[in-house]
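Reproduced below: structure_38.txt, with compact mmCIF, C-alpha atoms and all ligand atoms.
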```
# COMPACT_ATOMS: atom_id res chain seq x y z
CA MET A 1174 121.65 96.01 144.18
CA SER A 1175 124.06 98.90 144.48
CA ILE A 1176 121.23 101.20 145.55
CA LEU A 1177 121.38 99.46 148.95
CA LYS A 1178 125.13 99.97 149.27
CA ASP A 1179 126.03 102.28 152.19
CA LYS A 1180 122.34 102.93 152.95
CA ARG A 1181 121.08 102.83 156.55
CA ILE A 1182 118.02 100.64 156.79
CA LEU A 1183 116.03 100.62 160.00
CA LEU A 1184 114.26 97.26 160.09
CA GLY A 1185 111.35 97.04 162.52
CA VAL A 1186 110.17 93.53 163.35
CA THR A 1187 106.81 93.00 165.05
CA GLY A 1188 105.09 89.95 166.55
CA SER A 1189 104.05 87.65 163.75
CA ILE A 1190 105.12 84.18 162.71
CA ALA A 1191 106.44 85.86 159.53
CA ALA A 1192 109.18 87.38 161.75
CA TYR A 1193 111.46 84.51 160.70
CA LYS A 1194 111.44 85.91 157.16
CA ALA A 1195 112.77 89.20 158.53
CA ALA A 1196 116.04 87.37 159.23
CA GLU A 1197 116.43 86.67 155.50
CA LEU A 1198 115.62 90.31 154.74
CA ALA A 1199 118.25 91.53 157.19
CA SER A 1200 120.80 89.12 155.75
CA LYS A 1201 120.14 89.99 152.09
CA MET A 1202 120.23 93.75 152.69
CA THR A 1203 123.45 93.43 154.69
CA GLN A 1204 125.03 91.38 151.91
CA ALA A 1205 124.01 94.13 149.47
CA GLY A 1206 126.08 96.62 151.48
CA ALA A 1207 123.41 98.24 153.66
CA SER A 1208 123.85 98.90 157.39
CA VAL A 1209 120.80 97.29 158.92
CA ASP A 1210 119.69 98.37 162.41
CA VAL A 1211 116.95 96.16 163.78
CA ILE A 1212 114.32 97.05 166.37
CA LEU A 1213 112.23 94.18 167.74
CA THR A 1214 108.96 94.72 169.59
CA ARG A 1215 108.32 92.65 172.70
CA ALA A 1216 105.95 90.40 170.74
CA ALA A 1217 108.58 89.93 168.01
CA GLU A 1218 111.00 88.67 170.66
CA GLN A 1219 108.60 85.78 171.31
CA PHE A 1220 109.18 84.63 167.73
CA ILE A 1221 112.82 85.48 167.05
CA SER A 1222 115.77 86.65 169.11
CA PRO A 1223 117.84 89.85 168.80
CA LEU A 1224 120.91 87.61 168.58
CA THR A 1225 119.68 86.23 165.24
CA PHE A 1226 119.71 89.72 163.77
CA GLN A 1227 122.95 90.76 165.44
CA SER A 1228 124.63 87.68 163.96
CA LEU A 1229 123.29 88.46 160.48
CA THR A 1230 123.89 92.22 160.43
CA GLY A 1231 127.00 92.52 162.61
CA ARG A 1232 125.21 95.37 164.38
CA LYS A 1233 123.32 95.72 167.61
CA ALA A 1234 119.64 94.74 167.47
CA TYR A 1235 117.49 96.90 169.72
CA THR A 1236 114.62 95.84 171.99
CA ASP A 1237 112.29 97.60 174.38
CA SER A 1238 114.76 97.01 177.20
CA GLU A 1239 116.81 99.86 175.62
CA LEU A 1240 113.78 102.14 175.84
CA TRP A 1241 114.16 102.31 179.61
CA GLY A 1242 117.95 102.45 179.52
CA GLY A 1243 120.01 105.60 180.04
CA LYS A 1244 120.29 106.46 176.31
CA SER A 1245 116.73 105.83 175.24
CA HIS A 1246 115.68 109.43 174.71
CA ILE A 1247 118.39 109.92 172.11
CA LEU A 1248 118.37 106.38 170.79
CA HIS A 1249 115.01 106.58 169.03
CA VAL A 1250 115.74 110.03 167.63
CA GLY A 1251 119.21 108.97 166.48
CA LEU A 1252 118.00 105.78 164.80
CA GLY A 1253 115.09 107.56 163.15
CA HIS A 1254 117.19 110.43 161.85
CA ALA A 1255 120.09 108.34 160.57
CA ALA A 1256 117.91 105.99 158.52
CA ASP A 1257 117.49 106.21 154.74
CA LEU A 1258 114.49 103.88 154.96
CA LEU A 1259 112.31 102.61 157.78
CA LEU A 1260 111.11 99.14 156.83
CA ILE A 1261 108.71 97.35 159.15
CA ALA A 1262 108.43 93.70 158.11
CA PRO A 1263 106.35 92.02 159.30
CA ILE A 1264 104.00 94.72 160.56
CA THR A 1265 101.04 93.60 162.67
CA ALA A 1266 97.57 95.16 162.77
CA ASN A 1267 98.54 96.59 166.17
CA THR A 1268 101.67 98.40 164.95
CA MET A 1269 99.82 99.68 161.87
CA ALA A 1270 97.16 101.11 164.20
CA LYS A 1271 99.87 102.80 166.26
CA LEU A 1272 101.47 104.33 163.18
CA ALA A 1273 98.12 105.49 161.82
CA HIS A 1274 97.18 107.21 165.08
CA GLY A 1275 100.56 108.51 166.18
CA GLN A 1276 100.78 106.30 169.23
CA ALA A 1277 104.26 105.88 170.62
CA ASN A 1278 104.61 103.48 173.49
CA ASP A 1279 107.51 101.22 172.52
CA LEU A 1280 110.91 101.76 170.92
CA LEU A 1281 109.69 100.95 167.40
CA SER A 1282 106.62 103.20 167.44
CA ILE A 1283 108.53 106.06 169.07
CA THR A 1284 111.29 105.74 166.47
CA ALA A 1285 108.72 105.57 163.64
CA LEU A 1286 107.15 108.79 164.88
CA SER A 1287 110.47 110.63 164.84
CA ALA A 1288 111.83 109.12 161.60
CA GLN A 1289 112.41 111.56 158.70
CA CYS A 1290 112.87 108.96 155.96
CA PRO A 1291 110.46 107.06 153.69
CA THR A 1292 108.60 104.20 155.40
CA LEU A 1293 107.75 100.84 153.86
CA VAL A 1294 105.61 98.27 155.64
CA ALA A 1295 104.89 94.60 154.88
CA PRO A 1296 101.70 93.53 156.69
CA ALA A 1297 101.28 90.02 158.10
CA MET A 1298 98.12 88.96 159.88
CA ASP A 1299 95.19 86.61 159.71
CA VAL A 1300 92.70 87.22 156.94
CA GLY A 1301 89.87 88.39 159.21
CA MET A 1302 92.19 90.87 160.91
CA TYR A 1303 93.39 92.32 157.63
CA GLU A 1304 89.90 92.63 156.19
CA ASN A 1305 88.50 94.17 159.37
CA ILE A 1306 87.26 97.68 158.66
CA ALA A 1307 89.48 99.10 161.42
CA THR A 1308 92.61 97.69 159.77
CA GLN A 1309 91.44 98.72 156.31
CA GLU A 1310 90.89 102.28 157.47
CA ASN A 1311 94.37 102.33 159.00
CA VAL A 1312 95.82 101.04 155.72
CA GLN A 1313 94.07 103.87 153.87
CA ILE A 1314 95.34 106.47 156.35
CA LEU A 1315 98.92 105.23 156.01
CA LYS A 1316 98.76 105.03 152.20
CA ALA A 1317 97.33 108.53 152.00
CA ARG A 1318 100.30 109.69 154.07
CA GLY A 1319 102.72 108.27 151.52
CA ILE A 1320 103.70 105.14 153.44
CA PHE A 1321 104.72 102.41 150.98
CA PHE A 1322 103.17 98.96 151.22
CA ALA A 1323 104.60 95.61 150.15
CA GLY A 1324 101.68 93.18 150.04
CA PRO A 1325 100.08 91.48 151.82
CA ALA A 1326 99.70 88.43 149.61
CA GLN A 1327 96.91 85.95 149.20
CA GLY A 1328 97.62 82.47 150.54
CA ARG A 1329 97.54 79.98 153.37
CA MET A 1330 97.81 81.42 156.88
CA ALA A 1331 99.44 79.86 159.92
CA SER A 1332 95.86 79.44 161.23
CA GLY A 1333 95.09 77.16 158.29
CA LEU A 1334 92.73 79.75 156.75
CA GLU A 1335 93.21 81.01 153.19
CA GLY A 1336 93.04 84.66 152.24
CA LEU A 1337 94.71 88.04 152.09
CA GLY A 1338 97.17 88.70 154.91
CA ARG A 1339 100.36 86.68 154.28
CA MET A 1340 103.56 88.68 154.31
CA VAL A 1341 105.07 88.83 150.82
CA GLU A 1342 108.42 87.16 150.23
CA PRO A 1343 111.68 88.96 151.11
CA ALA A 1344 112.61 89.37 147.42
CA GLU A 1345 109.44 91.38 146.83
CA ILE A 1346 109.98 93.48 149.96
CA ILE A 1347 113.53 94.27 148.84
CA GLY A 1348 112.16 95.22 145.41
CA GLU A 1349 109.75 97.67 147.05
CA ALA A 1350 112.55 98.97 149.29
CA ARG A 1351 114.63 99.71 146.18
CA ARG A 1352 111.70 101.57 144.66
CA ALA A 1353 111.15 103.65 147.81
CA LEU A 1354 114.86 104.49 148.05
CA GLY A 1355 114.99 105.36 144.35
CA LEU A 1356 112.04 107.73 144.62
CA LYS A 1357 113.74 109.53 147.50
CA HIS A 1358 117.37 109.55 146.35
CA GLY A 1359 117.32 108.70 142.62
CA LYS A 1360 118.38 111.10 139.88
CA LEU A 1361 115.46 110.09 137.67
CA ALA A 1362 112.68 110.55 140.25
CA GLY A 1363 109.65 111.90 138.44
CA LYS A 1364 110.91 110.74 135.02
CA LYS A 1365 109.07 108.24 132.85
CA ILE A 1366 111.03 105.61 130.96
CA ILE A 1367 109.91 102.92 128.57
CA ILE A 1368 112.14 99.88 128.15
CA THR A 1369 111.63 96.99 125.75
CA ALA A 1370 113.14 93.57 126.45
CA GLY A 1371 113.41 90.03 125.10
CA GLY A 1372 113.30 88.46 121.67
CA THR A 1373 110.04 88.77 119.75
CA ARG A 1374 108.15 85.67 118.64
CA GLU A 1375 106.84 85.56 115.09
CA ALA A 1376 104.12 82.96 114.68
CA ILE A 1377 104.24 80.29 111.98
CA ASP A 1378 101.06 78.52 113.13
CA PRO A 1379 99.19 78.30 116.47
CA VAL A 1380 102.01 76.27 118.10
CA ARG A 1381 105.23 77.32 116.35
CA PHE A 1382 107.15 80.56 116.11
CA ILE A 1383 110.48 82.03 114.98
CA THR A 1384 112.49 83.76 117.65
CA ASN A 1385 116.09 84.59 118.61
CA ARG A 1386 118.52 83.96 121.45
CA SER A 1387 117.79 87.12 123.43
CA SER A 1388 117.14 86.29 127.11
CA GLY A 1389 115.81 89.71 128.11
CA LYS A 1390 118.49 90.02 130.84
CA GLN A 1391 119.88 93.37 129.69
CA GLY A 1392 116.40 94.89 129.34
CA TYR A 1393 115.29 93.64 132.77
CA ALA A 1394 118.52 94.95 134.33
CA LEU A 1395 117.78 98.33 132.73
CA ALA A 1396 114.28 98.31 134.19
CA GLN A 1397 115.69 97.59 137.66
CA ALA A 1398 118.38 100.26 137.32
CA GLY A 1399 115.69 102.74 136.20
CA ILE A 1400 113.54 101.92 139.25
CA ASP A 1401 116.61 102.26 141.51
CA SER A 1402 117.04 105.75 140.04
CA GLY A 1403 113.47 106.64 140.94
CA ALA A 1404 112.03 106.49 137.41
CA ASP A 1405 108.52 105.35 136.61
CA VAL A 1406 109.42 102.38 134.41
CA THR A 1407 107.21 100.66 131.86
CA LEU A 1408 108.71 97.37 130.74
CA ILE A 1409 107.39 96.06 127.44
CA SER A 1410 108.56 92.47 127.38
CA THR A 1411 108.21 89.29 125.39
CA PRO A 1412 107.88 86.08 127.45
CA THR A 1413 111.18 85.34 129.23
CA ALA A 1414 112.42 83.00 131.95
CA LEU A 1415 113.16 85.97 134.23
CA THR A 1416 111.32 87.49 137.18
CA PRO A 1417 110.34 91.05 136.24
CA PRO A 1418 111.64 93.79 138.55
CA ILE A 1419 109.26 94.77 141.36
CA GLY A 1420 107.65 98.10 140.62
CA ALA A 1421 107.83 98.03 136.81
CA ASN A 1422 104.59 98.58 134.88
CA LEU A 1423 104.50 95.45 132.74
CA ILE A 1424 103.15 95.07 129.24
CA TRP A 1425 103.50 91.60 127.74
CA VAL A 1426 103.81 91.20 123.99
CA GLN A 1427 104.88 88.47 121.60
CA SER A 1428 105.51 89.73 118.08
CA ALA A 1429 107.26 92.78 116.62
CA GLU A 1430 103.83 94.06 115.57
CA GLU A 1431 102.51 93.78 119.13
CA MET A 1432 105.64 95.45 120.50
CA LEU A 1433 105.27 98.28 117.97
CA ASN A 1434 101.66 98.84 119.04
CA ALA A 1435 102.61 98.73 122.73
CA VAL A 1436 105.42 101.26 122.20
CA LEU A 1437 103.17 103.55 120.14
CA GLY A 1438 100.53 103.29 122.86
CA GLU A 1439 103.02 104.34 125.54
CA VAL A 1440 105.11 107.11 123.99
CA ASP A 1441 103.47 110.41 124.68
CA PRO A 1442 104.79 113.85 125.59
CA LYS A 1443 105.13 112.77 129.24
CA VAL A 1444 107.73 110.13 128.36
CA ASP A 1445 111.36 111.07 129.03
CA ALA A 1446 113.18 108.14 127.43
CA LEU A 1447 112.66 105.04 125.34
CA ILE A 1448 115.31 102.32 125.55
CA MET A 1449 114.94 99.63 122.91
CA ALA A 1450 116.86 96.70 124.41
CA SER A 1451 114.58 94.15 122.77
CA ALA A 1452 115.85 91.93 119.98
CA VAL A 1453 113.03 92.62 117.56
CA ALA A 1454 112.58 90.26 114.62
CA ASP A 1455 113.60 91.65 111.26
CA PHE A 1456 111.64 88.99 109.38
CA ARG A 1457 108.38 87.18 110.04
CA PRO A 1458 106.33 84.57 108.21
CA ALA A 1459 104.27 86.29 105.54
CA GLN A 1460 101.34 83.99 106.34
CA ILE A 1461 100.37 82.62 109.77
CA ALA A 1462 98.58 79.28 109.35
CA ASP A 1463 95.40 79.31 111.41
CA LYS A 1464 95.64 75.57 112.07
CA LYS A 1465 98.70 73.56 113.15
CA LEU A 1466 100.74 72.58 110.11
CA LYS A 1467 100.61 68.80 109.79
CA LYS A 1468 103.54 66.56 108.90
CA ARG A 1469 101.49 64.61 106.42
CA ALA A 1470 101.08 67.77 104.31
CA GLY A 1471 104.84 67.70 103.64
CA ILE A 1472 107.63 70.12 104.56
CA PRO A 1473 106.18 73.64 104.47
CA GLN A 1474 107.82 76.44 102.51
CA ILE A 1475 107.76 79.43 104.81
CA THR A 1476 107.98 82.76 103.04
CA LEU A 1477 109.26 85.61 105.15
CA GLU A 1478 108.43 89.30 104.99
CA ALA A 1479 109.85 92.33 106.79
CA ALA A 1480 108.68 92.86 110.36
CA PRO A 1481 108.09 96.49 111.35
CA ASP A 1482 111.23 98.35 112.41
CA ILE A 1483 109.97 99.96 115.61
CA LEU A 1484 112.73 102.54 115.99
CA LYS A 1485 112.54 103.60 112.37
CA ARG A 1486 108.78 103.98 112.63
CA LEU A 1487 109.21 106.17 115.70
CA THR A 1488 112.05 108.28 114.51
CA SER A 1489 111.46 108.47 110.76
CA THR A 1490 110.51 112.11 110.89
CA GLN A 1491 112.80 112.97 113.72
CA PHE A 1492 116.10 113.89 115.25
CA SER A 1493 118.70 113.61 117.89
CA ALA A 1494 119.64 115.41 121.09
CA SER A 1495 121.44 118.08 119.10
CA SER A 1496 118.39 118.96 117.00
CA SER A 1497 116.95 122.44 117.01
CA PRO A 1498 114.54 123.29 119.83
CA LYS A 1499 111.61 123.39 117.42
CA LEU A 1500 112.27 119.88 116.15
CA ARG A 1501 113.12 118.60 119.58
CA ALA A 1502 109.78 119.75 120.92
CA LEU A 1503 108.16 117.24 118.54
CA ARG A 1504 110.09 114.37 120.11
CA PRO A 1505 110.76 115.46 123.65
CA TYR A 1506 112.21 112.16 124.81
CA ILE A 1507 115.59 110.45 124.57
CA VAL A 1508 115.80 107.37 122.33
CA VAL A 1509 118.43 104.73 122.96
CA GLY A 1510 119.03 101.74 120.71
CA PHE A 1511 121.13 98.62 120.95
CA ALA A 1512 123.27 97.20 118.18
CA ALA A 1513 123.87 93.49 118.36
CA GLU A 1514 126.63 92.82 115.83
CA SER A 1515 128.76 89.84 114.91
CA HIS A 1516 131.15 91.89 112.72
CA ASP A 1517 132.10 95.52 111.94
CA LEU A 1518 130.64 96.46 115.34
CA LEU A 1519 131.38 100.16 115.42
CA SER A 1520 130.67 101.05 111.80
CA ASN A 1521 127.38 99.12 111.83
CA ALA A 1522 126.41 100.74 115.14
CA ALA A 1523 127.29 104.20 113.82
CA ASP A 1524 125.07 103.58 110.77
CA LYS A 1525 122.19 102.65 113.06
CA ILE A 1526 122.53 105.89 115.05
CA GLN A 1527 121.96 107.78 111.81
CA SER A 1528 119.31 105.57 110.22
CA LYS A 1529 117.29 105.24 113.45
CA LYS A 1530 117.97 108.84 114.63
CA LEU A 1531 119.15 107.82 118.09
CA ASP A 1532 120.49 109.88 120.97
CA PHE A 1533 122.97 107.09 121.56
CA ILE A 1534 123.46 103.43 120.78
CA VAL A 1535 124.82 100.62 122.93
CA ALA A 1536 126.87 98.31 120.73
CA ASN A 1537 127.81 94.80 121.71
CA ASP A 1538 129.68 92.07 119.90
CA ILE A 1539 127.44 89.00 120.00
CA SER A 1540 130.16 86.74 118.59
CA ALA A 1541 132.06 86.98 121.92
CA LYS A 1542 131.53 83.84 124.04
CA ASP A 1543 131.62 85.63 127.41
CA ALA A 1544 129.30 88.54 126.60
CA GLY A 1545 126.09 89.48 124.80
CA PHE A 1546 123.14 87.16 124.23
CA ASP A 1547 121.90 84.88 126.99
CA VAL A 1548 124.79 85.41 129.46
CA ASP A 1549 125.02 87.55 132.60
CA GLU A 1550 127.74 89.87 131.37
CA ASN A 1551 128.16 92.34 128.58
CA ARG A 1552 131.04 94.25 126.99
CA VAL A 1553 129.64 97.37 125.36
CA THR A 1554 130.64 100.52 123.57
CA ILE A 1555 128.35 103.54 123.70
CA LEU A 1556 128.34 105.68 120.55
CA TYR A 1557 126.92 109.17 120.22
CA PRO A 1558 125.69 110.99 117.07
CA ASP A 1559 128.72 113.32 117.08
CA GLY A 1560 131.10 110.34 116.83
CA GLU A 1561 132.12 110.36 120.47
CA LYS A 1562 132.42 106.88 121.96
CA GLU A 1563 132.87 105.28 125.35
CA GLU A 1564 134.26 101.75 125.60
CA PHE A 1565 133.60 99.58 128.66
CA SER A 1566 135.30 96.39 129.75
CA LEU A 1567 133.37 93.20 130.55
CA ARG A 1568 130.92 93.80 133.40
CA SER A 1569 127.60 92.53 134.71
CA LYS A 1570 124.49 93.44 132.75
CA PHE A 1571 123.27 95.30 135.81
CA GLU A 1572 126.42 97.45 135.88
CA VAL A 1573 125.99 98.11 132.16
CA ALA A 1574 122.37 99.06 132.87
CA GLU A 1575 123.42 101.51 135.57
CA ILE A 1576 125.84 103.19 133.14
CA ILE A 1577 123.14 103.51 130.47
CA ILE A 1578 120.59 104.90 132.94
CA GLU A 1579 123.20 107.36 134.20
CA ARG A 1580 123.89 108.54 130.61
CA VAL A 1581 120.15 108.90 129.97
CA GLY A 1582 119.87 111.07 133.11
CA LYS A 1583 122.79 113.21 131.95
CA LEU A 1584 121.30 113.72 128.48
CA LEU A 1585 117.91 114.58 129.97
CA GLY A 1586 119.59 117.16 132.18
CA GLU A 1587 121.37 118.69 129.16
CA MET A 1588 118.19 118.65 127.10
CA ASN A 1589 116.15 120.32 129.83
CA ALA A 1590 118.82 122.98 130.33
CA ARG A 1591 118.91 123.71 126.58
CA PHE A 1592 115.16 123.81 126.04
CA SER A 1593 113.93 125.08 129.41
CA HIS A 1594 112.81 128.34 127.79
CA LEU A 1595 110.37 126.54 125.48
N1 LIG A 1601 114.91 97.32 116.29
C1 LIG A 1601 113.62 97.76 116.10
N2 LIG A 1601 112.80 97.09 115.21
C2 LIG A 1601 113.26 96.04 114.51
C3 LIG A 1601 114.61 95.61 114.69
C4 LIG A 1601 115.41 96.28 115.58
O1 LIG A 1601 113.19 98.73 116.71
N3 LIG A 1601 112.47 95.39 113.68
C5 LIG A 1601 115.75 98.04 117.27
C6 LIG A 1601 116.37 97.16 118.32
O2 LIG A 1601 115.55 97.06 119.47
C7 LIG A 1601 117.69 97.85 118.60
C8 LIG A 1601 118.04 98.52 117.28
O3 LIG A 1601 116.82 98.59 116.54
O4 LIG A 1601 117.57 98.83 119.60
C9 LIG A 1601 119.06 97.80 116.46
O5 LIG A 1601 118.70 96.44 116.35
P1 LIG A 1601 119.60 95.42 115.52
O6 LIG A 1601 118.93 94.09 115.51
O7 LIG A 1601 121.02 95.50 116.00
O8 LIG A 1601 119.58 96.08 114.09
P2 LIG A 1601 118.62 95.98 112.88
O9 LIG A 1601 118.05 97.31 112.60
O10 LIG A 1601 117.64 94.86 113.08
O11 LIG A 1601 119.62 95.64 111.68
P3 LIG A 1601 120.48 94.28 111.43
O12 LIG A 1601 119.73 93.18 112.15
O13 LIG A 1601 120.47 94.14 109.98
O14 LIG A 1601 121.83 94.54 112.01
```

Transcribe the structure of this file into structure tokens.
Ligand code: CTP
Amino acid sequence: MSILKDKRILLGVTGSIAAYKAAELASKMTQAGASVDVILTRAAEQFISPLTFQSLTGRKAYTDSELWGGKSHILHVGLGHAADLLLIAPITANTMAKLAHGQANDLLSITALSAQCPTLVAPAMDVGMYENIATQENVQILKARGIFFAGPAQGRMASGLEGLGRMVEPAEIIGEARRALGLKHGKLAGKKIIITAGGTREAIDPVRFITNRSSGKQGYALAQAGIDSGADVTLISTPTALTPPIGANLIWVQSAEEMLNAVLGEVDPKVDALIMASAVADFRPAQIADKKLKKRAGIPQITLEAAPDILKRLTSTQFSASSSPKLRALRPYIVVGFAAESHDLLSNAADKIQSKKLDFIVANDISAKDAGFDVDENRVTILYPDGEKEEFSLRSKFEVAEIIIERVGKLLGEMNARFSHL
């Protein structure tokens, strides 16, 4: 979550029973390194106390009593100007109405009016209130103004009714906060990245398949790091046990063939980078039985055939970052591959750069017990087509992802500088 490190988050809390979840939000963002200043409305104080937030953030939590204090006229301006993100969670129908119409009659609404940063709101109210035309029109006004929304979700209300209006969970709000911060501060804002993740599944019959030990962790970490950098991320994933990053455009696939089709469907001239973190099957059953294979029929002989090599299919006619402008114009995006090797790591990875025409490859030794498949850490070497290499010590898959995303951004910058005249 390093995007939250050293960021100033202004957390507005309004009067809803979901206010208790704001405490978890404040705590998680503080743990991630953000400075969290909290403003409670008078109604919020009925549900939760400023002391709760002060204890969790180690910073003063503000209430309307400050509005009438000696420093109030600079307080709201100062808080609004210093913030990297204004997050109001939960936001009631009343505070949304104030924001939509520029009303400013308490510390939170005055601060919101003077804030210069992106604003994210997480509505919480009863279903009838949310669906009311007045609220819906306010939602539309705020969205049209570029205010980000997290939720609301469908579910059971405190009133016992079911419907749309529950505040979404803190994890989802933090995911949206990361996206909003990335769009404002990230180096890849406006860039489009496609990332593949997970091990493909090659069907034997309707219930069985061949797969591999890939967990998808590195690919999902890349998707999150891309979103943190402001990129528009499409994540093409096989089924995994992981929660996909908030804000990624998801495409679910199973087999290498499906992944190939999804990648081909997504890469167009607007794409800036393709990162193939997926462990794609090299072999698949030549025949898929249409009915479940039965034991009584004896042990089946499964003949394998080659699965499509996605990178080779994409790059067969193409080139690397150093290619001539004319060639480059035909493949205007960066292509990054991974090399999972159990031996001869660097020479195998170097071969793959050439055979798959990559801009760089991320090589990792899958025979190591502490890194690679299915664990949270990775030890990688990045190799470039000109033979340059960068070696990294063991670090979290998220840190590895941040390095890769940073290198993609650097290459895109170099490519744009070189071909800007085209
Ligand atoms: N890859 C691909 N299509 C395949 C297999 C791999 O696009 N059918 C991609 C992977 O996503 C990865 C890169 O190619 O980015 C290298 O994958 P890897 O499994 O290390 O290499 P292979 O080409 O499969 O060769 P080998 O398994 O023999 O090492």

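Look at Pro1473 (chain A): the protein and nucleic acid residues within 12 Å of it, using all atoms listed in the file and passing over chain neighbours fewer than 3 places away, are Ile1377, Asp1378, Pro1458, Gln1460, Ile1461, Ala1462, Lys1465, Leu1466, Lys1467, Lys1468, Arg1469, Ala1470 and Thr1476 of chain A.
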
Restrict the selected residues to C-alpha atoms and save them as a PDB file, in the coordinates of the input.
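And here's result-v3.pdb as it stands now:
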```
ATOM      1  CA  ILE A1377     104.240  80.290 111.980  1.00  0.00           C
ATOM      2  CA  ASP A1378     101.060  78.520 113.130  1.00  0.00           C
ATOM      3  CA  PRO A1458     106.330  84.570 108.210  1.00  0.00           C
ATOM      4  CA  GLN A1460     101.340  83.990 106.340  1.00  0.00           C
ATOM      5  CA  ILE A1461     100.370  82.620 109.770  1.00  0.00           C
ATOM      6  CA  ALA A1462      98.580  79.280 109.350  1.00  0.00           C
ATOM      7  CA  LYS A1465      98.700  73.560 113.150  1.00  0.00           C
ATOM      8  CA  LEU A1466     100.740  72.580 110.110  1.00  0.00           C
ATOM      9  CA  LYS A1467     100.610  68.800 109.790  1.00  0.00           C
ATOM     10  CA  LYS A1468     103.540  66.560 108.900  1.00  0.00           C
ATOM     11  CA  ARG A1469     101.490  64.610 106.420  1.00  0.00           C
ATOM     12  CA  ALA A1470     101.080  67.770 104.310  1.00  0.00           C
ATOM     13  CA  THR A1476     107.980  82.760 103.040  1.00  0.00           C
TER      14      THR A1476
END
```

Within 7 Å of region 1305-1312 of chain A, counting only C-alpha atoms, which residues qualify if same-chain residues fewer than 5 places away don't, as a short mmCIF file (atom, residue, chain, number, x, y, z; two decimals) with C-alpha atoms, in the frame of the given file?
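Output below, filename selection.cif:
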```
data_model
loop_
_atom_site.label_atom_id
_atom_site.label_comp_id
_atom_site.auth_asym_id
_atom_site.auth_seq_id
_atom_site.Cartn_x
_atom_site.Cartn_y
_atom_site.Cartn_z
CA ALA A 1266 97.57 95.16 162.77
CA MET A 1269 99.82 99.68 161.87
CA ALA A 1270 97.16 101.11 164.20
CA ALA A 1273 98.12 105.49 161.82
#
```

Would you compute an axis-aligned box for region 1268-1276 of chain A, covering every atom listed for it in the file with 5 Å of margin on each side, and report centre and edge lengths in Å to one decimal as lines of an AutoDock Vina configuration file?
```
center_x = 99.4
center_y = 103.5
center_z = 165.5
size_x = 14.5
size_y = 20.1
size_z = 17.4
```

(Q) Counting only C-alpha atoms, I want the residues whose atoms come within 9 Å of (123.6, 109.0, 118.8) in the file frame, returned as a ChimeraX atom specification. (A) /A:1493-1494,1508-1510,1523,1525-1527,1530-1534,1555-1561

As a ChimeraX atom specification, please: every protein or nucleic acid residue near ligand LIG 1601 (chain A) (cut-off 9 Å, counting all atoms listed in the file). /A:1369-1370,1429-1430,1433,1448-1456,1479-1487,1509-1515,1521-1522,1525-1526,1528-1529,1534-1537

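Atom to atom, CA of Asp1405 (chain A) and CA of Arg1386 (chain A) stand 28.1 Å apart.
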
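Relative to CA of Ile1176 (chain A), CA of Ile1577 (chain A) is found at 15.4 Å.
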
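Nearest to Gly1403 (chain A) of all the residues A:Gly1420, A:Gly1363, A:Gly1301, A:Gly1185 is A:Gly1363, counting only C-alpha atoms.
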
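We find CA of Ala1446 (chain A) and CA of Gln1397 (chain A) to be spaced 14.9 Å apart.
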
* Asked: Residues at most 9 Å from Ala1344 (chain A), counting all atoms listed in the file, excluding those fewer than 5 positions away in the same chain, as an MDAnalysis selection string?
  -> chainID A and resid 1198 1201 1349 1419

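Closest to Leu1354 (chain A) among A:Pro1291, A:Gly1333, A:Gly1392, A:Gly1372 is A:Pro1291, based on all atoms listed in the file.
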
I'd like the contact shell of Met1340 (chain A) - 10 Å cut-off, all atoms listed in the file, skipping same-chain residues fewer than 6 positions apart - returned as a PDB file with C-alpha atoms, in the coordinates of the input.
```pdb
ATOM      1  CA  SER A1189     104.050  87.650 163.750  1.00  0.00           C
ATOM      2  CA  ILE A1190     105.120  84.180 162.710  1.00  0.00           C
ATOM      3  CA  ALA A1191     106.440  85.860 159.530  1.00  0.00           C
ATOM      4  CA  ALA A1192     109.180  87.380 161.750  1.00  0.00           C
ATOM      5  CA  LYS A1194     111.440  85.910 157.160  1.00  0.00           C
ATOM      6  CA  ALA A1262     108.430  93.700 158.110  1.00  0.00           C
ATOM      7  CA  PRO A1263     106.350  92.020 159.300  1.00  0.00           C
ATOM      8  CA  ILE A1264     104.000  94.720 160.560  1.00  0.00           C
ATOM      9  CA  VAL A1294     105.610  98.270 155.640  1.00  0.00           C
ATOM     10  CA  ALA A1295     104.890  94.600 154.880  1.00  0.00           C
ATOM     11  CA  PRO A1296     101.700  93.530 156.690  1.00  0.00           C
ATOM     12  CA  ALA A1297     101.280  90.020 158.100  1.00  0.00           C
ATOM     13  CA  MET A1298      98.120  88.960 159.880  1.00  0.00           C
ATOM     14  CA  ALA A1323     104.600  95.610 150.150  1.00  0.00           C
ATOM     15  CA  GLY A1324     101.680  93.180 150.040  1.00  0.00           C
ATOM     16  CA  PRO A1325     100.080  91.480 151.820  1.00  0.00           C
ATOM     17  CA  ALA A1326      99.700  88.430 149.610  1.00  0.00           C
ATOM     18  CA  GLN A1327      96.910  85.950 149.200  1.00  0.00           C
ATOM     19  CA  GLY A1328      97.620  82.470 150.540  1.00  0.00           C
ATOM     20  CA  MET A1330      97.810  81.420 156.880  1.00  0.00           C
ATOM     21  CA  ILE A1346     109.980  93.480 149.960  1.00  0.00           C
TER      22      ILE A1346
END
```

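In this comparison, which uses only C-alpha atoms, the residue of A:Ala1353, A:Ile1507, A:Met1202, A:Ala1544 approaching Leu1293 (chain A) most closely is A:Ala1353.
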